[in-house]
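What follows is a short report on a single structure.
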Amino acid sequence: MNILERYESVSQNYVRNSRIAFDKAIGSELFDESGARYIDFYSSSGTLSFGHNNSGVRDALVRYLSEDRIVQSSDKTSVAKRNFVEEFVKRVLAPRGLDYRILFTDPAAGTAAELALRLARPFKNRTNVIAFTNASHGLTDGSLSVVSKHLTRHQSLGVRANTIFMPYCGYFGENTDTVAYLRRY
């Protein structure tokens with residue numbers, strides 16, 4: 001038994017699926033401790049849209065940290081947050097004529113899933129949600145309620161009552177139209 005198996009919480013699900021210990025990452029590639037290369041399709045739950053250690057992102061981050069700028073301000077206002085909102089409005093919302101509000105969550109995927117569920121249910125005035133096969137959203141109760149993976153399903157038995165699981169694109173093979181399946185259901 002290695003040190004992680006002995007001391008890491010059993011609530012960590014992903015680490016139990018693989019015995020590979022990754023050491024380095026560049027772009028879309030991961031390298032294990034022996035140097036073997038892997039393509040990272042997971043991309044840290046989609047948070048790495050620019051890849052691992054993107055030089056532009058890395059250099060800007062190092063510069064930001066070297067200037068002792070704020071890293072975490074929770075719900076408090078910061079110059080970094082204000083600058084981000086100004087740029088987001090200028091580059092995304094204004095050109096599209098969108099009058100949206102921005103909701104800042106913590107960096108955990110589960111919190112984002114929880115908030116999406118809390119917003120969607122009252123907005124649509126429904127309690128049931130559809131979750132798709134092979135989905136993974138985090139480890140909070142709400143996010144576990146929409147996880148379709150067998151290893152994590154048992155952890156949220158009480159909150160899954162209003163979740164319907166449906167096949168995602170290609171789940172039944174390329175000859176089955178899963179959108180038609182969903183509509184028929």
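Ordering of the structure tokens sets the chain letters (A, B, ...); residue numbers start at 1 within each chain; ligands are numbered from 1 in the order shown.
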A:Ile26 environment, 9 Å, only C-alpha atoms, sequence neighbours closer than 5 positions dropped, as a ChimeraX atom specification: /A:31,51-54
With distances taken over only C-alpha atoms, the candidate from A:Leu182, A:Ile20, A:Ile39, A:Leu117 nearest A:Cys169 is A:Leu182
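Put simply, atom CA of A:Val147 is 15.2 Å away from atom CA of A:Leu115.
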Counting only C-alpha atoms, which of A:Asp23, A:Asp68, A:Glu114, A:Glu29 gets nearest to A:Ser143?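 Looking at the shortest contact to A:Ser143, the residue is A:Glu114.
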Compile the contact shell of A:Val79 as a PyMOL selection string: residues with an atom at most 10 Å away, counting only C-alpha atoms, same-chain residues fewer than 3 positions apart removed. chain A and resi 69-70+82-85
Mind listing the strand (DSSP E) residues of stretch 17-96 of chain A, per DSSP on the backbone, as a PyMOL selection string? chain A and resi 22-26+29-32+37-39
Put those residues in a file: N, CA and C atoms, as a tab-separated table (two decimals), in the first residue's frame.
chain	number	residue	atom	x	y	z
A	22	PHE	N	1.14	11.18	-12.20
A	22	PHE	CA	1.60	12.16	-13.18
A	22	PHE	C	2.55	13.14	-12.52
A	23	ASP	N	3.55	13.57	-13.29
A	23	ASP	CA	4.57	14.46	-12.76
A	23	ASP	C	4.65	15.78	-13.50
A	24	LYS	N	4.50	15.78	-14.83
A	24	LYS	CA	4.61	17.00	-15.62
A	24	LYS	C	3.45	17.08	-16.60
A	25	ALA	N	3.21	18.31	-17.07
A	25	ALA	CA	2.12	18.53	-18.03
A	25	ALA	C	2.44	19.73	-18.91
A	26	ILE	N	2.23	19.56	-20.21
A	26	ILE	CA	2.43	20.64	-21.17
A	26	ILE	C	1.33	20.54	-22.22
A	29	GLU	N	-0.82	17.32	-23.00
A	29	GLU	CA	-0.13	16.09	-22.65
A	29	GLU	C	0.25	16.04	-21.17
A	30	LEU	N	0.14	14.85	-20.62
A	30	LEU	CA	0.58	14.56	-19.25
A	30	LEU	C	1.74	13.58	-19.33
A	31	PHE	N	2.65	13.66	-18.37
A	31	PHE	CA	3.78	12.75	-18.32
A	31	PHE	C	3.84	12.14	-16.93
A	32	ASP	N	3.97	10.81	-16.87
A	32	ASP	CA	4.05	10.17	-15.56
A	32	ASP	C	5.46	10.27	-15.02
A	37	ARG	N	4.28	9.40	-21.90
A	37	ARG	CA	3.41	10.50	-22.33
A	37	ARG	C	1.98	10.01	-22.51
A	38	TYR	N	1.01	10.84	-22.09
A	38	TYR	CA	-0.42	10.55	-22.23
A	38	TYR	C	-1.12	11.79	-22.77
A	39	ILE	N	-2.15	11.58	-23.57
A	39	ILE	CA	-2.98	12.71	-24.00
A	39	ILE	C	-4.04	12.92	-22.93
Take atom CA of A:Ser78 and atom CA of A:Leu119 and report the distance between them in Å, one decimal.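 These two atoms are separated by 25.4 Å.
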Grab the atom CA of A:Ala131 to atom CA of A:Ser145 distance for me, in Å with one decimal place.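 These atoms are spaced 8.8 Å apart.
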Using only C-alpha atoms, which of the listed residues (A:Leu144, A:Val129, A:Val89, A:Ala135) sits closest to A:Asn162?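 Looking at the shortest contact to A:Asn162, the residue is A:Val129.
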